[in-house]
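Take a look at the structure set out below.
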Amino acid sequence: MKASALSLLFITQLAADVDSFGIKSLFTRNTQLRATNDESDKKRVVVIGNGMVGQRFMENLIDLDTDKKCVISTFCEEPRAAYNRVKLTSYFETRNPSALSMTSEFDNEGRTPWYEENNVELLLNDKVVSVDTKSKTVTGASGKTIDYDVAVFATGSYPFVPPIPGKQRPGVFVYRTIEDLEAMLAYVKENNVKSAAVIGGGLLGLEAAKAVADMKVESHIIEFAPILMCRQIDQGGHDALVGKIEEMGLKVHCGARTESFVGENGSTDMEDMSPVSALRFSNEGWDDLDVQMVVVSAGIKPRDELARDTDIAVGERGGIVVDEQLKTSVDGTYAIGEIALYNNFIYGLIAPGYDMAGVCSKIIAQEELGYDLGLEEKPAFTGADLSTKLKLLGCDVASFGENQPNPDDADVSNLVWNDPIGGIYRKLIFNKAGTRLRGGILVGDASDYSKLHKLAVQGGELPENPAMLLAPSSARGDVEEEELSEDPNTQVCSCNDVTRGQIADTIKELGVDGATLKEVKTCSKAGTGCGGCEPDVKTILKQELEKLGGSLSNHLCEHFSYSRPELMALVRTDADPTSVDSFEKILHKHGHGDGCEICKPAVGSILASLNNGIILDDGRDALQDTNDRSLANMQRGGSYSVVPRVPGGEITPEQLVQMGKTAKKYNLYSKITGAQRIDFFGASKYQLPDIWEELGSVGLESGHAYGKALRTVKSCVGSTWCRYGVQDSVGFAIRVENRYKGVRSPHKMKSAVSGCVRECAEAQGKDFGMIATENGYNLYVGGNGGVNPVHAQLLATDIDEDTVIKYLDRYIMYYILTADRLERTAPWQAKLPSGKNGGGPIEHLKEVIIEDSLGICDELDRRMQYLVDTYHDEWAEVVKDPARRAKFKQFVNTDEVQTREEMIEFIDQRGQVRPTDWLPDGQPQTNWKPDTTDVFSRSEKSWVSVGKTSDFAPNVGSAILYGDSQLAVFNNAQRGEWYCTQNMCPHKQAFVLSQGIIGGTADGIAKVACPLHKKQFDLADGKGLDSDLSLITFAVKIEGDEVMVELPSTEEVDAILGTKGLRVQSSCSELDISGTELEKEILNGVRNTTVTVI
């Protein structure tokens, strides 16, 4: 090869390497900083620590430094730039550090573009080891020394680890950083940890306990004090909080005196390195607690070691002493955040830290950089409101104002709400006269925190009867969001001290077109701390946009510029119903693009609610979500559950016998549901028609447990058996359930009929429920259980069965026509307008349904009767029709099957079998990735016929079997394109991708959404669209009516994608092919390929 060619090759390769390893950006960054360093007139501000508070300080100072009078350097000892520690437990949701970033996505070096864009020198992985206040220099562990004009200590704190013997052991961790979490995850995996203890029951301790629970490890909370969160709540709040925590399976041990962490060898000293195996207590009568991991989260200590080696004043118990301007005892040095000791107090919350960052940046801008900020008063930090509202382990916990007055304070009057059944505790603290709210504690329901906090902190007129403030909204029957104050000075975001007025100003600056929720949060900082105020920010955005003549987008998705109610109205009022009787027609007329996993099921539901055609016919199966497409509920591992309908809970012995025979024949796990039905788990999709046929032989129909439809009408035995019953509740429940079975709605619906006021069927907790009276029934509507239980409201009293049916027809159809996508009746009902004479939404419903105030009752009656008249049992429709039955075949290219046990291990549990547990994300058998991005790039391939084009239904995926490997072929008829990928979703190694909805993104990428967790993948190249996961793809072509896929040999494909090798197991052992002929064949790739090394 000639020298010029060699040089060209070298330069080309170097350019590739520069881009691959980030060297190019490093060159750019160093050049920029060298140029900056030559500008000697600029002042150098060095920020020691790149945590949340240090980052906020830099952002504030950059905003104030309009004339670029300073340059900033920041030392960061972690491997990535600033991230949100407050949301650290959410790391388990994505295992993606960028989701926590304070600025934007991290690159491979842990940097984000923000630092370079703002000319900030970011020194990653470089812990400051010394500060010389005489020569004004800061030196990092790397040896780099930087001169400074201003130094800001933002080193934060470190977890306090009590001097407990055994704290040095393997298996003992602290909870502070992403690396701490990763180390715990690795330890859990490598040591098969089943149980762990968290030392500390404060805010951080409970967060750590959640982190441990998220690792699928039994979590024990160990607290020295007699109650949890002793600084925020009292005994009553503790009792309610513990009840919620223990409902989640965590264990709480208060008053615990931990004596030592015991090693596996039984040692209890401070030197032995045997892994931890138990906690030993000094409490009399307490046994050792067997654990394999300990997480210490018992408080914090300021990281003031750098200051202690200087002449900077440090507090006796730690922390750098600062004044109101955050200045230390040495000129030119400041301290903010958890390192700053103000008035002999360390503030451990993020909101005070941000306050300090704001004050400090203004002082430096004024006094160090010479800006005139036009402030009437000198910026000062004079302490902080320590009120807080959090969601800990899924439970609301809030405290505000003087939540724990001194015992000798005589001007105190307490009101307490204690609901141990509902897990709600509220304590409001007033002055003796009851004219001023001083503070309070809220556990379990803190929905009115903002209002109460404002009354306590800012003052305000109390109701004539202050006790009106005590009851939680859930007890008052309120389901609407707490009304937000219009006062522009009202604080919305306590983390960042952002007011309503500031948010409104941000929205005005962005304008109608630019004011998205994401942009408003980014520009105003509201909602970027703990995230608890995000719903309020969204509400303000909606209100302010309306003032500007715009509106907050309620579009169904990127393909339809309408909400579900708007699209429903367009379809149902179309003069030509045949022009809107399919998804394709509706998309063409009212939308654009290809559709997606959001709009397809929504349109499918609209069509079912209006036309009631069989959902698997005429291409409608391509619209159905995970469960509806299979008429059964997909469970872990890709098997399905079957729930027959049992109207009113009444079942015959013959039906019970057949259920038992079927369950035994197919080895199905059987369980009674909470709604008087029997659920059978573990069926393969190809078995479903046979199972349905057997159940149908004794009159059992589909229970629609898979659909957004009526699930059940629960009943007590009523007057037919019960000595207290006043009406035949069973007979009426059967009538109601048989009338509305199969009716598709925006969300699932549940109902119940109680035979007397004892309410054994719990009718007032249902979407609609009836309670028998001596004169008929009382009808309740708009209730639900679940995450946010809501009490139903009384619509009518003492009405007969026919009147109940008439009112229900109208109520359900009004809901179907006007509710948003996936909106339950309770929130839908709460958003309805009030009645003409007040009385709230329930009065509006009475006017519409009973008085026909809108003149629509005839349409509501007619539409509901049509759905009743056109009912069909979806299971029976499949069983009797060979074409529909063929849709349940496992593989289109063979009659062979792979059983459920071949795809995931089934284990015994109390005499039945169930699939083994999935491991947490990031552990073996999750987030699967091939060794290379194009694993078969060097393989010899050939075109393989996998079936006829007619075998592959349009606009859906179908599975094929190739050797031992499952592949998914997608016939995207809407685009005239075909794709082939692995059938295994890499997230949880479940063989389900062919069941996912296919669609397109706004920029035209064809995609599939995994039916289990909606992970999205580009069908063309397999790249994850919402994660770093990816699929292996194969080329497809059509020859005549043959579908051809370009594939390597079955041996090669099976080595990577074979079901046997990817089967999820309780004990994961990797397939070892080292030294085999298969390994040689894969490594050699194409046998005839020659590689020339230059």
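Letters for chains follow the order of the structure tokens (A, B, ...), residue numbers begin at 1 for each chain, and ligand numbers begin at 1 in the order shown.
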
Original post:
Near stretch 1058-1065 of chain A, counting only C-alpha atoms, which residues have an atom at most 8 Å away, once you skip same-chain residues fewer than 3 positions from it, shown as a PyMOL selection string?
Top reply: chain A and resi 902-905+916+918+925+963-966+989+1053-1055+1068+1070-1071

Give me, as a Markdown table, each residue of stretch 672-702 of chain A that comes within 6 Å of stretch 615-639 of chain A, together with its shortest interatomic pair and the distance in Å at one decimal, counting only C-alpha atoms, with rows ordered by chain and rising residue number.
| residue | atom | partner | partner_atom | distance |
| --- | --- | --- | --- | --- |
| A:Gly682 | CA | A:Ser639 | CA | 5.2 |
| A:Ala683 | CA | A:Ser639 | CA | 5.4 |
| A:Ser684 | CA | A:Ser639 | CA | 5.1 |

Any chance you can output those residues with C-alpha atoms as an mmCIF file, in the first residue's frame?
data_model
loop_
_atom_site.group_PDB
_atom_site.id
_atom_site.type_symbol
_atom_site.label_atom_id
_atom_site.label_comp_id
_atom_site.auth_asym_id
_atom_site.auth_seq_id
_atom_site.Cartn_x
_atom_site.Cartn_y
_atom_site.Cartn_z
ATOM 1 C CA GLY A 682 -50.904 -20.154 33.413
ATOM 2 C CA ALA A 683 -52.643 -20.913 30.124
ATOM 3 C CA SER A 684 -50.684 -20.680 26.892
#

Original post:
Just asking: which residues within stretch 108-183 of chain A are strand (DSSP E or B) according to DSSP, as a PyMOL selection string?
Top reply: chain A and resi 120-123+128-132+137-140+145-147+150-153+157-159+172-174

For the residues in the current selection, export N, CA, C and O atoms as an mmCIF file, in the first residue's frame.
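Output below, filename selection_21.cif:
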data_model
loop_
_atom_site.group_PDB
_atom_site.id
_atom_site.type_symbol
_atom_site.label_atom_id
_atom_site.label_comp_id
_atom_site.auth_asym_id
_atom_site.auth_seq_id
_atom_site.Cartn_x
_atom_site.Cartn_y
_atom_site.Cartn_z
ATOM 1 N N VAL A 120 -18.284 26.419 31.880
ATOM 2 C CA VAL A 120 -17.985 25.951 33.233
ATOM 3 C C VAL A 120 -17.011 24.792 33.137
ATOM 4 O O VAL A 120 -17.259 23.816 32.430
ATOM 5 N N GLU A 121 -15.904 24.921 33.854
ATOM 6 C CA GLU A 121 -14.915 23.844 33.872
ATOM 7 C C GLU A 121 -15.383 22.782 34.873
ATOM 8 O O GLU A 121 -15.449 23.032 36.077
ATOM 9 N N LEU A 122 -15.711 21.608 34.358
ATOM 10 C CA LEU A 122 -16.196 20.513 35.202
ATOM 11 C C LEU A 122 -15.076 19.495 35.385
ATOM 12 O O LEU A 122 -14.604 18.901 34.420
ATOM 13 N N LEU A 123 -14.655 19.319 36.628
ATOM 14 C CA LEU A 123 -13.554 18.410 36.943
ATOM 15 C C LEU A 123 -14.137 17.142 37.572
ATOM 16 O O LEU A 123 -14.312 17.040 38.783
ATOM 17 N N VAL A 128 -11.637 17.294 45.887
ATOM 18 C CA VAL A 128 -10.734 18.310 46.427
ATOM 19 C C VAL A 128 -10.054 17.752 47.677
ATOM 20 O O VAL A 128 -10.707 17.217 48.573
ATOM 21 N N VAL A 129 -8.734 17.882 47.709
ATOM 22 C CA VAL A 129 -7.977 17.355 48.853
ATOM 23 C C VAL A 129 -7.438 18.464 49.742
ATOM 24 O O VAL A 129 -7.089 18.216 50.900
ATOM 25 N N SER A 130 -7.356 19.700 49.213
ATOM 26 C CA SER A 130 -6.888 20.788 50.070
ATOM 27 C C SER A 130 -7.335 22.139 49.532
ATOM 28 O O SER A 130 -7.505 22.315 48.317
ATOM 29 N N VAL A 131 -7.533 23.060 50.471
ATOM 30 C CA VAL A 131 -7.849 24.448 50.138
ATOM 31 C C VAL A 131 -6.874 25.327 50.915
ATOM 32 O O VAL A 131 -6.728 25.187 52.135
ATOM 33 N N ASP A 132 -6.184 26.207 50.201
ATOM 34 C CA ASP A 132 -5.243 27.132 50.833
ATOM 35 C C ASP A 132 -5.855 28.524 50.775
ATOM 36 O O ASP A 132 -5.881 29.156 49.711
ATOM 37 N N THR A 137 -5.936 28.922 46.650
ATOM 38 C CA THR A 137 -5.877 27.832 45.679
ATOM 39 C C THR A 137 -6.692 26.652 46.190
ATOM 40 O O THR A 137 -6.865 26.450 47.391
ATOM 41 N N VAL A 138 -7.164 25.881 45.224
ATOM 42 C CA VAL A 138 -7.887 24.634 45.503
ATOM 43 C C VAL A 138 -7.190 23.532 44.727
ATOM 44 O O VAL A 138 -6.919 23.688 43.528
ATOM 45 N N THR A 139 -6.896 22.409 45.388
ATOM 46 C CA THR A 139 -6.178 21.306 44.744
ATOM 47 C C THR A 139 -7.028 20.045 44.797
ATOM 48 O O THR A 139 -7.586 19.696 45.845
ATOM 49 N N GLY A 140 -7.121 19.373 43.644
ATOM 50 C CA GLY A 140 -7.883 18.139 43.557
ATOM 51 C C GLY A 140 -7.004 16.920 43.694
ATOM 52 O O GLY A 140 -5.766 17.002 43.643
ATOM 53 N N THR A 145 -4.321 22.107 40.471
ATOM 54 C CA THR A 145 -4.499 23.218 41.400
ATOM 55 C C THR A 145 -5.058 24.416 40.642
ATOM 56 O O THR A 145 -4.569 24.761 39.561
ATOM 57 N N ILE A 146 -6.083 25.025 41.196
ATOM 58 C CA ILE A 146 -6.731 26.164 40.545
ATOM 59 C C ILE A 146 -6.707 27.351 41.499
ATOM 60 O O ILE A 146 -7.060 27.226 42.675
ATOM 61 N N ASP A 147 -6.274 28.520 40.978
ATOM 62 C CA ASP A 147 -6.375 29.761 41.741
ATOM 63 C C ASP A 147 -7.833 30.213 41.778
ATOM 64 O O ASP A 147 -8.570 30.002 40.816
ATOM 65 N N VAL A 150 -12.982 33.620 44.381
ATOM 66 C CA VAL A 150 -14.088 33.274 45.276
ATOM 67 C C VAL A 150 -14.179 31.751 45.335
ATOM 68 O O VAL A 150 -14.152 31.079 44.295
ATOM 69 N N ALA A 151 -14.264 31.229 46.542
ATOM 70 C CA ALA A 151 -14.462 29.785 46.719
ATOM 71 C C ALA A 151 -15.782 29.563 47.433
ATOM 72 O O ALA A 151 -16.074 30.219 48.438
ATOM 73 N N VAL A 152 -16.582 28.617 46.894
ATOM 74 C CA VAL A 152 -17.875 28.283 47.486
ATOM 75 C C VAL A 152 -17.854 26.815 47.892
ATOM 76 O O VAL A 152 -17.726 25.937 47.040
ATOM 77 N N PHE A 153 -17.951 26.581 49.184
ATOM 78 C CA PHE A 153 -18.022 25.203 49.671
ATOM 79 C C PHE A 153 -19.460 24.689 49.499
ATOM 80 O O PHE A 153 -20.391 25.231 50.076
ATOM 81 N N SER A 157 -22.939 16.655 52.676
ATOM 82 C CA SER A 157 -22.770 15.842 53.875
ATOM 83 C C SER A 157 -22.459 14.412 53.469
ATOM 84 O O SER A 157 -22.512 14.055 52.298
ATOM 85 N N TYR A 158 -22.135 13.621 54.466
ATOM 86 C CA TYR A 158 -21.963 12.182 54.224
ATOM 87 C C TYR A 158 -22.809 11.433 55.242
ATOM 88 O O TYR A 158 -23.150 11.962 56.311
ATOM 89 N N PRO A 159 -23.192 10.212 54.929
ATOM 90 C CA PRO A 159 -24.033 9.460 55.862
ATOM 91 C C PRO A 159 -23.295 9.205 57.172
ATOM 92 O O PRO A 159 -22.128 8.800 57.176
ATOM 93 N N VAL A 172 -22.334 -4.262 54.381
ATOM 94 C CA VAL A 172 -22.795 -3.064 55.078
ATOM 95 C C VAL A 172 -22.580 -1.871 54.152
ATOM 96 O O VAL A 172 -21.454 -1.623 53.704
ATOM 97 N N PHE A 173 -23.655 -1.162 53.857
ATOM 98 C CA PHE A 173 -23.603 -0.082 52.877
ATOM 99 C C PHE A 173 -24.194 1.203 53.466
ATOM 100 O O PHE A 173 -24.902 1.175 54.472
ATOM 101 N N VAL A 174 -23.907 2.318 52.792
ATOM 102 C CA VAL A 174 -24.614 3.563 53.048
ATOM 103 C C VAL A 174 -25.467 3.867 51.824
ATOM 104 O O VAL A 174 -25.277 3.292 50.754
#

Please provide the set of residues having any atom within 10 Å of A:Glu1039, restricted to only C-alpha atoms, with same-chain residues fewer than 4 positions apart removed, written as a PDB file with C-alpha atoms, in the first residue's frame.
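For reference, result-v4.pdb as written:
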ATOM      1  CA  SER A 945     -39.561 -19.242   3.519  1.00  0.00           C
ATOM      2  CA  LYS A 948     -47.558 -17.475   2.887  1.00  0.00           C
ATOM      3  CA  THR A 949     -48.496 -13.808   3.011  1.00  0.00           C
ATOM      4  CA  VAL A1043     -42.672 -14.510   2.995  1.00  0.00           C
ATOM      5  CA  MET A1044     -38.884 -14.865   2.976  1.00  0.00           C
TER       6      MET A1044
END

**OP:** Find, counting only C-alpha atoms, the residue in A:Val161, A:Leu587, A:Val892, A:Ala278 that gets nearest to A:Gln292.
**Re:**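 With only C-alpha atoms as the atom set, the closest residue is A:Ala278.
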
**OP:** Go ahead and compute the interatomic distance for atom CA of A:Ala365 and atom CA of A:Tyr83, in Å to one decimal.
**Re:** 25.1 Å

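Counting only C-alpha atoms, the residue from A:Ile606, A:Ala313, A:Gly922, A:Val992 that sits nearest to A:Ala183 is A:Gly922.
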
**OP:** Determine which residues of stretch 598-674 of chain A receive a DSSP assignment of alpha helix (DSSP H), computed from the backbone, and state them as an NGL selection string.
**Re:** :A and (599-610 or 653-665)

**OP:** Rank nothing, just name the residue among A:Asn84, A:Thr66, A:Gln232, A:Asn778 nearest to A:Leu373, using only C-alpha atoms.
**Re:** A:Thr66

**OP:** Give me, please, the distance in Å between atom CA of A:Ala81 and atom CA of A:Ala335, quoted to one decimal.
**Re:** 19.7 Å

Subject >> Selection near A:Gly171, 10 Å with only C-alpha atoms, sequence-local residues under 3 positions removed, as a ChimeraX atom specification >> reply: /A:167-168,183-184,187-188,191,193,196,263,273-277,291-295
